[in-house]
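Enquirer: Pasting final_31.txt here (compact mmCIF, C-alpha atoms):
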# COMPACT_ATOMS: atom_id res chain seq x y z
CA MET A 132 12.03 -9.47 -19.67
CA GLY A 133 12.32 -13.20 -19.17
CA MET A 134 12.56 -13.71 -15.47
CA VAL A 135 12.13 -16.69 -13.17
CA ARG A 136 8.55 -17.81 -13.59
CA GLU A 137 7.12 -14.97 -11.52
CA SER A 138 3.62 -16.35 -11.31
CA GLN A 139 4.97 -18.82 -8.79
CA PHE A 140 5.42 -16.16 -6.11
CA HIS A 141 2.52 -16.13 -3.72
CA VAL A 142 2.12 -13.14 -1.43
CA LEU A 143 -0.12 -12.89 1.60
CA ALA A 144 -1.31 -9.28 2.02
CA VAL A 145 -2.84 -8.11 5.28
CA ASP A 146 -4.69 -4.80 5.69
CA ASP A 147 -7.87 -3.80 7.48
CA SER A 148 -8.68 -1.19 4.81
CA HIS A 149 -10.62 -2.58 1.89
CA LEU A 150 -9.27 0.15 -0.35
CA ASP A 151 -5.68 -0.56 0.59
CA ARG A 152 -6.20 -4.28 0.14
CA LYS A 153 -7.42 -3.63 -3.36
CA MET A 154 -4.43 -1.40 -4.06
CA ILE A 155 -1.80 -3.82 -2.78
CA GLU A 156 -3.48 -6.68 -4.57
CA ARG A 157 -3.32 -4.83 -7.89
CA LEU A 158 0.27 -3.77 -7.31
CA LEU A 159 1.29 -7.35 -6.62
CA GLN A 160 -0.68 -8.72 -9.56
CA LYS A 161 0.97 -6.14 -11.76
CA SER A 162 4.27 -7.59 -10.53
CA SER A 163 3.07 -11.03 -11.60
CA CYS A 164 2.51 -12.33 -8.10
CA GLN A 165 -0.29 -14.50 -6.91
CA VAL A 166 -2.04 -12.68 -4.06
CA THR A 167 -4.17 -13.67 -1.11
CA THR A 168 -5.59 -10.80 0.92
CA VAL A 169 -6.96 -10.96 4.45
CA ASP A 170 -8.23 -8.18 6.67
CA THR A 171 -6.75 -9.19 10.03
CA GLY A 172 -3.55 -10.57 11.48
CA SER A 173 -5.51 -13.45 12.99
CA LYS A 174 -6.78 -14.49 9.59
CA ALA A 175 -3.28 -14.25 8.23
CA LEU A 176 -2.07 -16.67 10.88
CA GLU A 177 -4.99 -18.97 10.21
CA PHE A 178 -4.17 -18.94 6.52
CA LEU A 179 -0.59 -19.86 7.27
CA GLY A 180 -1.75 -22.53 9.65
CA LEU A 181 -0.14 -20.90 12.65
CA ARG A 182 -3.23 -20.03 14.60
CA GLU A 183 -3.65 -21.88 17.84
CA SER A 184 -7.31 -22.58 17.89
CA ASN A 185 -9.44 -24.13 20.62
CA ASP A 186 -11.08 -26.01 17.84
CA PRO A 187 -9.36 -29.41 17.62
CA ASN A 188 -10.40 -29.63 14.00
CA ALA A 189 -8.71 -26.40 13.07
CA LEU A 190 -5.42 -27.94 12.06
CA GLU A 191 -7.14 -30.34 9.74
CA THR A 192 -8.64 -27.55 7.71
CA HIS A 193 -5.35 -25.70 7.37
CA GLN A 194 -4.20 -25.72 3.79
CA GLU A 195 -0.75 -26.42 2.51
CA VAL A 196 0.16 -23.11 1.00
CA GLU A 197 3.52 -21.87 0.12
CA ILE A 198 3.79 -18.20 0.88
CA ASN A 199 6.83 -16.40 -0.43
CA LEU A 200 6.20 -13.09 1.31
CA ILE A 201 3.89 -11.48 3.83
CA ILE A 202 3.11 -7.80 3.42
CA THR A 203 1.13 -6.24 6.21
CA ASP A 204 -0.22 -2.92 7.35
CA TYR A 205 1.16 -1.78 10.69
CA CYS A 206 -1.91 -0.14 12.21
CA MET A 207 -4.67 -2.66 12.48
CA PRO A 208 -7.23 -3.18 15.23
CA GLY A 209 -6.54 -6.21 17.40
CA MET A 210 -3.33 -7.77 16.14
CA THR A 211 -1.08 -5.10 14.67
CA GLY A 212 1.30 -5.73 11.80
CA TYR A 213 4.10 -5.71 14.36
CA ASP A 214 2.36 -8.41 16.42
CA LEU A 215 1.93 -10.47 13.28
CA LEU A 216 5.58 -10.00 12.38
CA LYS A 217 6.61 -11.24 15.81
CA LYS A 218 4.40 -14.28 15.63
CA VAL A 219 5.76 -15.22 12.22
CA LYS A 220 9.37 -14.77 13.29
CA GLU A 221 8.78 -16.77 16.48
CA SER A 222 7.48 -19.68 14.47
CA ALA A 223 10.03 -22.27 13.45
CA ALA A 224 7.99 -23.23 10.41
CA PHE A 225 7.41 -19.76 9.05
CA ARG A 226 10.20 -17.51 10.26
CA SER A 227 11.98 -17.75 6.95
CA ILE A 228 9.09 -16.05 5.16
CA PRO A 229 10.08 -12.46 4.49
CA VAL A 230 7.76 -9.94 6.09
CA VAL A 231 7.26 -6.39 4.87
CA ILE A 232 5.48 -3.73 6.89
CA MET A 233 3.45 -0.86 5.42
CA SER A 234 2.44 2.25 7.27
CA SER A 235 0.92 5.62 6.48
CA GLU A 236 3.10 7.18 9.18
CA ASN A 237 6.80 7.84 9.13
CA VAL A 238 7.71 7.07 12.72
CA PRO A 239 11.43 6.25 13.01
CA ALA A 240 11.02 4.35 16.28
CA ARG A 241 8.32 2.23 14.72
CA ILE A 242 10.42 1.53 11.66
CA SER A 243 13.44 0.53 13.75
CA ARG A 244 11.34 -1.70 15.92
CA CYS A 245 10.01 -3.54 12.89
CA LEU A 246 13.38 -3.97 11.28
CA GLU A 247 14.82 -5.20 14.57
CA GLU A 248 12.08 -7.76 14.79
CA GLY A 249 13.05 -9.07 11.36
CA ALA A 250 10.99 -7.16 8.81
CA GLU A 251 12.76 -7.03 5.47
CA GLU A 252 11.34 -3.72 4.39
CA PHE A 253 9.20 -0.92 5.67
CA PHE A 254 7.12 0.83 3.05
CA LEU A 255 5.43 4.15 3.55
CA LYS A 256 1.94 4.33 2.14
CA PRO A 257 0.80 4.89 -0.46
CA VAL A 258 2.84 1.96 -1.70
CA LYS A 259 3.99 2.27 -5.29
CA LEU A 260 4.81 -0.19 -8.01
CA ALA A 261 8.47 0.74 -7.64
CA ASP A 262 8.32 -0.42 -4.00
CA VAL A 263 6.70 -3.71 -4.89
CA THR A 264 9.26 -4.57 -7.54
CA LYS A 265 11.85 -4.49 -4.73
CA LEU A 266 10.24 -7.52 -3.20
CA LYS A 267 11.38 -9.94 -5.87
CA PRO A 268 14.86 -10.56 -4.44
CA HIS A 269 13.39 -11.33 -1.01
CA MET A 270 10.95 -13.81 -2.47
CA MET A 271 13.55 -15.35 -4.74
CA LYS A 272 15.75 -15.97 -1.75
CA THR A 273 13.18 -18.20 -0.09
CA LYS A 274 12.32 -19.91 -3.34
CA LEU A 275 15.91 -20.80 -4.09
CA LYS A 276 16.49 -21.87 -0.50
CA LYS A 277 13.54 -24.22 -0.69
CA GLU A 278 14.56 -25.70 -3.98
CA GLY A 279 18.06 -26.15 -2.70
CA GLU A 280 19.62 -25.99 -6.14
CA LYS A 281 20.16 -23.22 -8.60
CA PRO A 282 17.29 -23.01 -11.10
CA SER A 283 17.92 -25.28 -14.04
CA GLU A 284 15.36 -23.87 -16.49
CA GLU A 285 16.66 -22.63 -19.79
CA GLU A 286 14.94 -19.28 -19.48
CA ASN A 287 16.77 -18.48 -16.30
CA ALA A 288 20.19 -19.15 -17.71
CA THR A 289 20.91 -15.58 -18.70
CA LEU A 290 19.92 -14.29 -15.27
CA LYS A 291 21.73 -16.81 -13.15
CA PRO A 292 24.82 -14.74 -12.43
CA GLU A 293 22.66 -11.80 -11.38
CA GLU A 294 20.39 -13.92 -9.20
CA SER A 295 23.21 -15.66 -7.41
CA LEU A 296 24.84 -12.31 -6.84
CA VAL A 297 21.65 -11.03 -5.23
CA VAL A 298 21.32 -14.18 -3.12
CA GLU A 299 24.93 -14.02 -2.03
CA MET A 300 24.48 -10.44 -1.01
CA ILE A 301 21.33 -11.11 0.96
CA LEU A 302 22.13 -14.31 2.83
CA PRO A 303 25.25 -13.21 4.67
CA LEU A 304 23.51 -10.05 5.78
CA ASN A 305 20.54 -12.05 6.98
CA GLN A 306 22.80 -14.22 9.05
CA GLU A 307 24.36 -11.11 10.40
CA LEU A 308 20.98 -9.93 11.56
CA GLU A 309 20.32 -13.19 13.31
CA LEU A 310 23.62 -12.87 15.15
CA GLU A 311 22.34 -9.63 16.66
CA GLN A 312 24.96 -7.58 14.88
CA LYS A 313 22.35 -5.15 13.81
CA GLU A 314 23.56 -1.95 15.35
CA PRO A 315 25.51 -0.46 12.46
CA MET A 316 22.76 -1.05 9.91
CA LEU A 317 20.02 0.09 12.23
CA SER A 318 21.67 3.27 13.26
CA SER A 319 22.25 4.12 9.64
CA ASN A 320 18.60 3.37 9.01
CA LYS A 321 17.61 5.52 11.95
CA ARG A 322 19.74 8.30 10.61
CA LYS A 323 18.09 7.89 7.26
CA ALA A 324 14.68 7.97 8.88
CA MET A 325 15.49 11.17 10.70
CA GLU A 326 16.88 12.77 7.57
CA GLU A 327 13.83 11.80 5.63
CA VAL A 328 11.53 13.20 8.28
CA ILE A 329 13.36 16.47 8.27
CA SER A 330 13.51 16.80 4.53
CA ALA A 331 10.36 18.13 2.98
CA ASP A 332 10.94 15.96 -0.03
CA ARG A 333 8.20 13.66 -1.18
CA SER A 334 10.58 10.71 -1.26
CA ARG A 335 10.28 8.14 1.43
CA PRO A 336 12.93 6.34 3.45
CA LYS A 337 13.93 3.06 1.90
CA TYR A 338 15.26 0.55 4.39
CA ASN A 339 16.70 -1.68 1.80
CA ASP A 340 20.40 -1.28 1.95
CA ILE A 341 20.74 -4.93 1.05
CA THR A 342 19.59 -5.30 -2.51
CA THR A 343 21.36 -2.92 -4.78
CA SER A 344 21.08 -5.05 -7.88
CA ALA A 345 19.09 -3.82 -10.84
CA MET B 166 -16.11 11.81 -36.76
CA ASP B 167 -12.38 12.16 -36.20
CA ALA B 168 -12.64 15.87 -35.54
CA HIS B 169 -15.29 15.19 -32.93
CA VAL B 170 -13.10 12.58 -31.24
CA ALA B 171 -10.11 14.89 -31.35
CA GLN B 172 -12.14 17.66 -29.76
CA LEU B 173 -13.38 15.38 -27.00
CA GLN B 174 -9.86 14.15 -26.38
CA MET B 175 -8.59 17.68 -26.08
CA GLN B 176 -11.43 18.53 -23.71
CA TYR B 177 -10.51 15.49 -21.65
CA ARG B 178 -6.84 16.38 -21.54
CA ASN B 179 -7.57 19.91 -20.44
CA TYR B 180 -9.99 18.70 -17.84
CA ILE B 181 -7.54 16.27 -16.30
CA LEU B 182 -4.79 18.89 -16.30
CA SER B 183 -7.08 21.35 -14.56
CA LEU B 184 -7.87 18.83 -11.85
CA TYR B 185 -4.18 18.52 -11.10
CA GLN B 186 -3.52 22.23 -11.41
CA GLN B 187 -6.35 23.11 -9.06
CA GLY B 188 -5.01 20.66 -6.53
CA PHE B 189 -7.83 18.16 -6.60
CA LEU B 190 -5.48 15.36 -7.59
CA ASP B 191 -1.82 14.55 -7.07
CA ASP B 192 0.81 12.08 -8.32
CA GLN B 193 -0.82 9.19 -6.58
CA PHE B 194 -3.79 9.50 -8.93
CA THR B 195 -1.38 9.15 -11.82
CA GLU B 196 0.02 6.04 -10.16
CA LEU B 197 -3.52 4.71 -9.76
CA LYS B 198 -4.23 5.19 -13.45
CA SER B 199 -1.02 3.42 -14.37
CA LEU B 200 -2.26 0.31 -12.56
CA GLN B 201 -5.26 0.08 -14.84
CA ASP B 202 -4.84 -2.00 -17.96
CA ASP B 203 -6.78 -4.24 -20.32
CA GLY B 204 -6.77 -6.93 -17.66
CA SER B 205 -8.24 -4.56 -15.07
CA PRO B 206 -10.08 -1.95 -17.16
CA ASP B 207 -12.27 -0.69 -14.30
CA PHE B 208 -9.63 -0.56 -11.62
CA VAL B 209 -9.66 3.20 -11.15
CA ALA B 210 -13.44 3.34 -10.98
CA GLU B 211 -13.53 0.49 -8.47
CA VAL B 212 -10.94 2.05 -6.21
CA LEU B 213 -12.63 5.44 -6.34
CA SER B 214 -15.91 3.79 -5.49
CA LEU B 215 -14.31 2.32 -2.38
CA PHE B 216 -12.89 5.72 -1.54
CA PHE B 217 -16.22 7.49 -1.73
CA ASP B 218 -17.83 4.70 0.31
CA ASP B 219 -15.17 5.37 2.93
CA CYS B 220 -15.92 9.09 2.81
CA VAL B 221 -19.61 8.54 3.46
CA LYS B 222 -18.95 6.10 6.27
CA LEU B 223 -16.19 8.04 7.99
CA VAL B 224 -17.81 11.46 7.68
CA GLY B 225 -20.93 9.89 9.18
CA ASN B 226 -18.91 8.46 12.07
CA MET B 227 -17.26 11.80 12.71
CA ALA B 228 -20.52 13.70 12.56
CA ARG B 229 -21.97 11.36 15.15
CA ALA B 230 -18.89 11.60 17.35
CA LEU B 231 -19.02 15.40 17.19
CA ASP B 232 -22.71 15.51 17.84
CA GLN B 233 -22.48 14.61 21.49
CA THR B 234 -23.92 17.13 23.88
CA GLY B 235 -21.34 16.93 26.60
CA THR B 236 -18.05 15.12 26.10
CA VAL B 237 -16.77 14.57 22.60
CA ASP B 238 -14.46 11.63 22.06
CA PHE B 239 -11.74 13.37 20.07
CA CYS B 240 -9.74 10.15 19.90
CA GLN B 241 -12.63 8.56 18.10
CA VAL B 242 -12.88 11.48 15.69
CA GLY B 243 -9.11 11.35 15.21
CA ALA B 244 -9.20 7.64 14.43
CA ASN B 245 -11.71 8.25 11.66
CA VAL B 246 -9.69 11.16 10.32
CA HIS B 247 -6.66 8.90 10.25
CA GLN B 248 -8.52 6.38 8.14
CA LEU B 249 -9.81 9.03 5.77
CA LYS B 250 -6.37 10.50 5.44
CA GLY B 251 -5.09 7.07 4.50
CA SER B 252 -7.76 6.47 1.89
CA SER B 253 -7.45 9.91 0.34
CA SER B 254 -3.70 9.49 0.21
CA SER B 255 -4.05 6.14 -1.54
CA VAL B 256 -6.18 7.54 -4.36
CA GLY B 257 -4.46 10.88 -4.79
CA ALA B 258 -7.31 13.01 -3.46
CA LYS B 259 -5.01 15.87 -2.61
CA ARG B 260 -7.43 18.40 -1.14
CA VAL B 261 -9.24 15.87 1.00
CA LYS B 262 -5.92 14.61 2.30
CA GLY B 263 -4.80 18.15 3.09
CA LEU B 264 -7.96 18.79 5.06
CA CYS B 265 -7.41 15.58 6.99
CA ILE B 266 -3.97 16.73 8.04
CA ASN B 267 -5.48 19.92 9.50
CA PHE B 268 -8.32 17.94 10.98
CA LYS B 269 -5.93 15.66 12.81
CA GLU B 270 -4.28 18.62 14.48
CA LEU B 271 -7.64 20.04 15.48
CA CYS B 272 -8.56 16.71 17.08
CA GLU B 273 -5.30 16.62 18.97
CA ALA B 274 -5.96 20.15 20.18
CA LYS B 275 -9.51 19.09 21.08
CA ASN B 276 -10.75 22.13 19.18
CA TYR B 277 -14.46 21.43 18.93
CA GLU B 278 -15.48 24.31 16.69
CA GLY B 279 -12.46 23.77 14.51
CA CYS B 280 -13.36 20.10 14.09
CA VAL B 281 -16.95 20.85 13.22
CA ARG B 282 -15.89 23.39 10.60
CA CYS B 283 -13.26 21.07 9.20
CA LEU B 284 -15.73 18.24 8.94
CA GLN B 285 -18.04 20.46 6.92
CA GLN B 286 -15.18 21.29 4.61
CA VAL B 287 -14.27 17.62 4.21
CA ASP B 288 -17.87 16.87 3.36
CA ILE B 289 -17.97 19.56 0.68
CA GLU B 290 -14.58 18.63 -0.65
CA TYR B 291 -15.15 14.94 -1.20
CA LYS B 292 -18.50 15.60 -2.84
CA THR B 293 -16.93 18.17 -5.12
CA LEU B 294 -14.21 15.71 -6.09
CA LYS B 295 -16.78 13.03 -6.70
CA ALA B 296 -18.66 15.28 -9.12
CA LYS B 297 -15.45 16.25 -10.92
CA LEU B 298 -14.38 12.65 -11.34
CA GLN B 299 -17.83 11.71 -12.55
CA ASP B 300 -17.43 14.37 -15.26
CA MET B 301 -14.06 12.84 -16.10
CA PHE B 302 -15.58 9.37 -16.47
CA ASN B 303 -18.38 10.79 -18.59
CA LEU B 304 -15.87 12.35 -20.94
CA GLU B 305 -14.06 9.02 -21.19
CA LYS B 306 -17.33 7.33 -22.08
CA GLN B 307 -18.09 9.93 -24.72
CA ILE B 308 -14.69 9.47 -26.31
CA VAL B 309 -15.10 5.70 -26.46
CA GLN B 310 -18.63 5.98 -27.80
CA ALA B 311 -17.36 8.32 -30.51
CA GLY B 312 -14.91 5.60 -31.51
CA GLY B 313 -11.82 7.12 -29.93
CA ILE B 314 -9.30 6.06 -27.33
CA VAL B 315 -9.00 7.76 -23.96
CA PRO B 316 -5.65 9.55 -24.08
CA GLN B 317 -2.95 9.13 -21.48
CA VAL B 318 -2.47 12.57 -20.06
CA ASP B 319 1.08 13.59 -19.27
CA ILE B 320 0.88 15.76 -16.18
CA ASN B 321 4.37 17.10 -16.55
Translate the structure described by the file into structure tokens.
Expert:
Amino acid sequence: MGMVRESQFHVLAVDDSHLDRKMIERLLQKSSCQVTTVDTGSKALEFLGLRESNDPNALETHQEVEINLIITDYCMPGMTGYDLLKKVKESAAFRSIPVVIMSSENVPARISRCLEEGAEEFFLKPVKLADVTKLKPHMMKTKLKKEGEKPSEEENATLKPEESLVVEMILPLNQELELEQKEPMLSSNKRKAMEEVISADRSRPKYNDITTSA
Amino acid sequence: MDAHVAQLQMQYRNYILSLYQQGFLDDQFTELKSLQDDGSPDFVAEVLSLFFDDCVKLVGNMARALDQTGTVDFCQVGANVHQLKGSSSSVGAKRVKGLCINFKELCEAKNYEGCVRCLQQVDIEYKTLKAKLQDMFNLEKQIVQAGGIVPQVDIN
């Protein structure tokens, strides 16, 4: 399928488990994303250039990287994925980067908390390829925002209507979130979480009511 | 030559199916295999290697935590179980994961004897799985050496 040049999406993956880092890296590579993995929230912040360091030289070594998405494990020693999410969303420079949380535990309160704090998605581990392919719209949103214009490349022409439809669907909802009108969506998510917990089904709760495009 | 390859392939198929049927592996293992391709031909082996490293490390930690004469830190044991449960879940090691679920409950109940027994079972189980998967890899090697292709096995 000819899509937007997918190799341009760069994801920062954070997980203290070496095995899980390897998994998420492969999943993202398989989705044609460039991946950087780190094992702590602190290192993630350093990589972004957000870390306040006592070292006056720290800022000089920070690299200009464009990250299109952060995917992080929730349970990590020291800075949790939730802490990292908060720090990113509190930062003027980086708050527009979509953040996705992963967790091995289905805890509705935890999920709500993360979504309230601005996480785009909450994936239950083990994360699958089907989950990762859902990230494209979130990353495309930031890419298009940055570029300002609609993509002009020939190869994107056929997808333009679809893309703009996705973007139009996402942006208003995002604004809605920022205006603290989250209650309806959250309570439906909470309901979903509860239902999923009760059901013995293998399927996991998907907190992505936003993107329904193919 | 072809008959030999075909026989090996059939042996391989049956072996994989039996691993699923006997509950050693679940869907996540299938997912793992699907992530392997020509670009990452050793992905499954690498991930499994990390898994078994985790098993050795975590079982060791738990053994030490349970070996205290006096107070046992069940939170510590539980934390290690949690990690092992995560790893086993990620690779599709169904039996190990199942044991971890029980183990977690035993930790929460601070059931010392139960934990010790469960740890022994975990130890046996991961080693058994390791041996089975080694046999699987050996069969794959034999197929390739005989000039064949390792078949994709449809679990359903």
Enquirer: Set out as a tab-separated table a contact list for chain B and chain A with a cut-off of 7 Å, giving each residue of chain B that qualifies its closest atom pair and distance in Å to one decimal, counting all atoms listed in the file, ordered by chain and rising residue number.
Expert:
residue	atom	partner	partner_atom	distance
B:Val212	CA	A:Leu150	CA	6.4
B:Leu215	CA	A:Leu150	CA	5.9
B:Phe216	CA	A:Leu150	CA	6.7
B:Gly251	CA	A:Ser235	CA	6.5
B:Ser252	CA	A:Leu150	CA	6.9
B:Ser254	CA	A:Pro257	CA	6.5
B:Ser255	CA	A:Pro257	CA	5.1
Enquirer: Nearest residue to Ala244 of chain B out of A:Gln139, A:Val196, A:Cys206, A:Leu159, using all atoms listed in the file?
Expert: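 Among the listed residues, the smallest separation from Ala244 of chain B belongs to A:Cys206.
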Enquirer: Please compute the atom CA of Ile232 of chain A-atom CA of Asn226 of chain B distance, one decimal, in Å.
Expert: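 Answer for the atom CA of Ile232 of chain A to atom CA of Asn226 of chain B separation: 27.8 Å.
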Enquirer: Need to verify the contact set: segment 194-203 of chain B, 7 Å, only C-alpha atoms, exclusion of same-chain residues closer than 5 positions in sequence. Can you return it as a ChimeraX atom specification?
Expert: /B:208-209,256-257
Enquirer: What would the file look like if the residues just selected were written as a CSV table (one decimal), in the coordinates of the input with C-alpha atoms?
Expert:
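What follows is the written file selection_39.csv:
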chain,number,residue,atom,x,y,z
B,208,PHE,CA,-9.6,-0.6,-11.6
B,209,VAL,CA,-9.7,3.2,-11.2
B,256,VAL,CA,-6.2,7.5,-4.4
B,257,GLY,CA,-4.5,10.9,-4.8
Enquirer: Tell me, as a PDB file with C-alpha atoms, in the coordinates of the input, which residues lie within 8 Å of Val287 of chain B, counting all atoms listed in the file; anything in the same chain fewer than 4 positions away does not count.
Expert:
ATOM      1  CA  VAL B 224     -17.810  11.460   7.680  1.00  0.00           C
ATOM      2  CA  VAL B 261      -9.240  15.870   1.000  1.00  0.00           C
ATOM      3  CA  LEU B 264      -7.960  18.790   5.060  1.00  0.00           C
ATOM      4  CA  CYS B 265      -7.410  15.580   6.990  1.00  0.00           C
ATOM      5  CA  CYS B 283     -13.260  21.070   9.200  1.00  0.00           C
ATOM      6  CA  TYR B 291     -15.150  14.940  -1.200  1.00  0.00           C
TER       7      TYR B 291
END
Enquirer: I'd like the neighbourhood of Leu271 of chain B as a ChimeraX atom specification, where a residue qualifies if any of its atoms comes within 12 Å (using all atoms listed in the file), though same-chain residues fewer than 2 positions away should be ignored.
Expert: /B:239-240,242-243,246,264-269,273-284
Enquirer: To one decimal place, how far is atom CA of Leu249 of chain B from atom CA of Lys222 of chain B in Å?
Expert: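 Those two atoms sit 9.6 Å apart.
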Enquirer: Quote the spacing between atom CA of Val170 of chain B and atom CA of Gly312 of chain B in Å to one decimal place.
Expert: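 Atom CA of Gly312 of chain B lies at a distance of 7.2 Å from atom CA of Val170 of chain B.
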Enquirer: Can you pull out the residues contacting Val231 of chain A? Cut-off 8 Å, using all atoms listed in the file, and skip same-chain residues under 2 positions away; I want them as a list in words.
Expert: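 After dropping sequence-adjacent residues, the list is Leu200, Ile201, Ile202, Thr203, Pro229, Met233, Ala250, Glu251, Glu252, Phe253 and Phe254 of chain A.
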Enquirer: Got a sec: who's within 10 Å of Gly225 of chain B, counting only C-alpha atoms, leaving out chain neighbours fewer than 4 positions off, as a VMD selection string?
Expert: chain B and resid 219 to 221 229 to 231 245 284 288
Enquirer: Using all atoms listed in the file, pick whichever of A:Cys164, A:Leu246, A:Ala144, A:Ile198 has the shortest atom-to-atom distance to Thr273 of chain A.
Expert: A:Ile198
Enquirer: Pick the closest to Val219 of chain A from A:Asp147, A:Glu248, A:Asp204, A:Asp170: which is it, counting only C-alpha atoms?
Expert: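 So, comparing all the options, the nearest one is A:Glu248.
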